[in-house]
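Q: One structure coming up, written as structure tokens, with questions to follow.
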Amino acid sequence: MNIMDFNVKKLAADAGTFLSRAVQFTEEKLGQAEKTELDAHLENLLSKAECTKLWTEKIMKQTEVLLQPNPNARIEEFVYEKLDRKAPSRMNNPELLGQYMIDAGNEFGPGTAYGNALIKCGETQKRIGTADRELIQTSAINFLTPLRNFIEGDYKTITKERKLLQNKRLDLDAAKTRLKKAKVAEARAAIWAEEVTKSEQEVRITQSEFDRQAEITRLLLEGISSTHAHHLRCLNDFVEAQMTYYAQCYQYMLDLQKQLGSFPSTFLSNNNQSSTTPVQSLSTPSVLASASASLPSVSNSVVTSGISELKSSSGSRKARVLYDYDAANSSELSLLADEVITVYSIPGMDSDWLMGERGNQKGKVPITYLELLN
């Protein structure tokens, strides 16, 4: 027998097996053939694996959306990953915002209050952008990659063995169907007894192959519990990465708040701290565990004696406007940065406001926008 004859016979056997499975599958769907049911334990394992695969895919995809909200950027990263090439480095959103703020601050003048504040905010935004990159990188390595490895590796193997088990079951049930038909024909003296014996032998062989494949599939499926344990460790790593990220961001913003609160001490800030609980070092669990307790308290108290004296007296003072201000209603006075106006207090006025006069115009002005002049 040459190789060509062998290949032809193998193809013919494969075609016969495929046809037999197709007939068996069709008759089962039509209710014309019996079907061997898997044991309850194996069915439960299959259901657990399917559920694990479904939710792992959803969690993985949504985590990718969380870490990279831009769908175009995700597609670009996917293409470069498939091409085994490194994606070009680009600024993320916080870094881009930070750069815009720094550029605007330099344009307005670092010596001005607004320009200086923009530069400080921009620097902080860029630091947050760096922390954001570290979060994405750590999460991708410690969380997303293991989930993807399960979907593209372990579960593909399970799917392959499950399909093979299905084929072995179809072979077994097809053999059982042929044996049943052979016994009916034997009762009618239509075939010889050896045909029945041949069918019985075929059932024994297919039953053995089915049992062996069911055991292989069962062993693979029982590994799902180990997969859950591994994914739990990865989830802890992801939570730790998030804790580190949010702790860093909290620390950066706290530092920024202190810097902004250090602007000229002759005006108020609604967000200036009257007392601040010392912040612990960036030990991730300790920072976040006590975050609510260590949040800085805010105060609307006056930070200069000059304004306190002005409010307690009936006199007036000259004040320089620090920032532009657009009046919200007719009772307020719009302001332009660097102009000088007259301010005074009237009984019953809110502690955050003074009355301002510019020529024959007057109205309420926010004290946070003013610097009293000697």
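To be explicit about the labels: the chains of the structure tokens are called A, B, and onward in the order shown, and within each one the residues are counted from 1, while ligands get numbers from 1 in the order they are shown.
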Do you know which residues are at most 12 Å from region 169-177 of chain A counting only C-alpha atoms, after dropping those on the same chain fewer than 5 positions away, and could you put them as a PDB file with C-alpha atoms, in the first residue's frame?

A:
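File produced: result_18.pdb:
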```
ATOM      1  CA  GLY A  16     -17.591   8.434   7.192  1.00  0.00           C
ATOM      2  CA  THR A  17     -17.045   9.433  10.823  1.00  0.00           C
ATOM      3  CA  PHE A  18     -18.104  13.018  10.115  1.00  0.00           C
ATOM      4  CA  LEU A  19     -21.247  11.830   8.335  1.00  0.00           C
ATOM      5  CA  SER A  20     -22.090   9.468  11.170  1.00  0.00           C
ATOM      6  CA  ARG A  21     -21.747  12.288  13.718  1.00  0.00           C
ATOM      7  CA  ALA A  22     -23.824  14.640  11.581  1.00  0.00           C
ATOM      8  CA  VAL A  23     -26.623  12.091  11.263  1.00  0.00           C
ATOM      9  CA  GLN A  24     -26.563  11.372  14.995  1.00  0.00           C
ATOM     10  CA  PHE A  25     -26.588  15.084  15.876  1.00  0.00           C
ATOM     11  CA  THR A  26     -29.498  15.754  13.493  1.00  0.00           C
ATOM     12  CA  GLU A  27     -31.564  12.843  14.803  1.00  0.00           C
ATOM     13  CA  GLU A  28     -30.970  14.023  18.379  1.00  0.00           C
ATOM     14  CA  GLN A  32     -35.316  10.552  16.822  1.00  0.00           C
ATOM     15  CA  ALA A  33     -32.213   9.308  18.657  1.00  0.00           C
ATOM     16  CA  GLU A  34     -31.149   8.871  22.249  1.00  0.00           C
ATOM     17  CA  LYS A  35     -28.393  11.021  23.725  1.00  0.00           C
ATOM     18  CA  THR A  36     -25.888  10.034  26.403  1.00  0.00           C
ATOM     19  CA  GLU A  37     -26.071  12.624  29.177  1.00  0.00           C
ATOM     20  CA  LEU A  38     -22.966  13.810  30.997  1.00  0.00           C
ATOM     21  CA  ARG A 162     -14.878  19.845  25.257  1.00  0.00           C
ATOM     22  CA  LYS A 163     -15.422  19.684  21.512  1.00  0.00           C
ATOM     23  CA  LEU A 164     -13.487  16.423  21.377  1.00  0.00           C
ATOM     24  CA  ALA A 182     -28.539  -4.631  14.383  1.00  0.00           C
ATOM     25  CA  LYS A 183     -30.373  -6.374  17.226  1.00  0.00           C
ATOM     26  CA  VAL A 184     -33.730  -5.528  15.662  1.00  0.00           C
ATOM     27  CA  VAL A 196     -24.349  -7.783  16.251  1.00  0.00           C
ATOM     28  CA  LYS A 198     -19.243  -6.272  15.701  1.00  0.00           C
ATOM     29  CA  SER A 199     -21.633  -3.528  16.764  1.00  0.00           C
ATOM     30  CA  GLU A 200     -21.258  -4.519  20.427  1.00  0.00           C
ATOM     31  CA  GLN A 201     -17.487  -4.313  20.093  1.00  0.00           C
ATOM     32  CA  GLU A 202     -17.791  -0.880  18.485  1.00  0.00           C
ATOM     33  CA  VAL A 203     -19.948   0.313  21.403  1.00  0.00           C
ATOM     34  CA  ARG A 204     -17.364  -0.930  23.910  1.00  0.00           C
ATOM     35  CA  ILE A 205     -14.552   0.872  22.067  1.00  0.00           C
ATOM     36  CA  THR A 206     -16.464   4.155  21.705  1.00  0.00           C
ATOM     37  CA  GLN A 207     -17.603   3.935  25.336  1.00  0.00           C
ATOM     38  CA  SER A 208     -13.990   3.536  26.449  1.00  0.00           C
ATOM     39  CA  GLU A 209     -12.865   6.506  24.337  1.00  0.00           C
ATOM     40  CA  PHE A 210     -15.747   8.613  25.624  1.00  0.00           C
ATOM     41  CA  ASP A 211     -14.962   7.772  29.255  1.00  0.00           C
ATOM     42  CA  ARG A 212     -11.286   8.584  28.757  1.00  0.00           C
ATOM     43  CA  GLN A 213     -12.078  11.918  27.114  1.00  0.00           C
ATOM     44  CA  ALA A 214     -14.621  12.747  29.843  1.00  0.00           C
TER      45      ALA A 214
END
```

Q: Step one, run DSSP on the backbone; step two, keep only residues of region 70-158 of chain A assigned to alpha helix (DSSP H); then write them as a PyMOL selection string.

A: chain A and resi 71-82+93-108+113-139+145-149+155-158

Q: Applying 12 Å and only C-alpha atoms, which residues near Leu310 (chain A) remain after dropping the ones on its own chain fewer than 3 positions away? List them as number ranges by chain.

A: A: 302, 304-307, 313-319, 342-347, 351, 353-355, 367, 372-373

Q: Suppose you want the space between CA of Ala113 (chain A) and CA of Lys364 (chain A); what is it in Å?

A: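 Interatomic distance here is 21.8 Å.
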
Q: Under the rule that only C-alpha atoms are counted, which of A:Asp132, A:Ala15, A:Lys29, A:Gly115 is the nearest residue to Met243 (chain A)?

A: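 The answer is A:Asp132, which sits nearest to Met243 (chain A).
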
Q: So which one's closest to Asp154 (chain A), A:Leu221, A:Ile75, A:Val340, A:Cys121? Using only C-alpha atoms, please.

A: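 Of all the options, A:Leu221 lies closest to Asp154 (chain A).
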
Q: Which residues come within 10 Å of Ser225 (chain A), counting only C-alpha atoms, excluding same-chain residues fewer than 4 positions away, as a PDB file with C-alpha atoms, in the first residue's frame?

A:
```pdb
ATOM      1  CA  LEU A  45     -17.841  22.006  35.929  1.00  0.00           C
ATOM      2  CA  LYS A  48     -18.608  26.993  35.950  1.00  0.00           C
ATOM      3  CA  ALA A  49     -15.989  27.223  33.192  1.00  0.00           C
ATOM      4  CA  THR A  52     -15.782  32.108  34.393  1.00  0.00           C
ATOM      5  CA  LEU A 221     -12.308  21.794  34.307  1.00  0.00           C
ATOM      6  CA  ALA A 229      -7.456  31.506  43.219  1.00  0.00           C
ATOM      7  CA  HIS A 230      -4.886  32.924  40.791  1.00  0.00           C
ATOM      8  CA  HIS A 231      -7.266  35.626  39.597  1.00  0.00           C
TER       9      HIS A 231
END
```

Q: Within 8 Å of Ile341 (chain A), counting only C-alpha atoms, which residues show up once you throw out same-chain ones fewer than 3 positions away? Write them as a PyMOL selection string, please.

A: chain A and resi 318-321+356-358

Q: Could you name the residues that touch Thr145 (chain A) at 10 Å or less, counting only C-alpha atoms, but leaving out those on the same chain fewer than 6 positions away, as a PyMOL selection string?

A: chain A and resi 60+139+151+234

Q: Which one of A:Leu66, A:Cys249, A:Ala328, A:Leu30 sits closest to Ala140 (chain A) if you count only C-alpha atoms?

A: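 Going through A:Leu66, A:Cys249, A:Ala328, A:Leu30 one by one, the smallest distance to Ala140 (chain A) is for A:Leu66.
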
Q: Go ahead and compute the interatomic distance for CA of Gln125 (chain A) and CA of Met101 (chain A), in Å to one decimal.

A: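 So the two atoms, CA of Gln125 (chain A) and CA of Met101 (chain A), lie 8.9 Å apart.
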
Q: For Met91 (chain A), list every protein, DNA or RNA residue within 9 Å, evaluated using only C-alpha atoms, and leave out those in the same chain fewer than 4 positions away; present the list as a ChimeraX atom specification.

A: /A:95-96,129
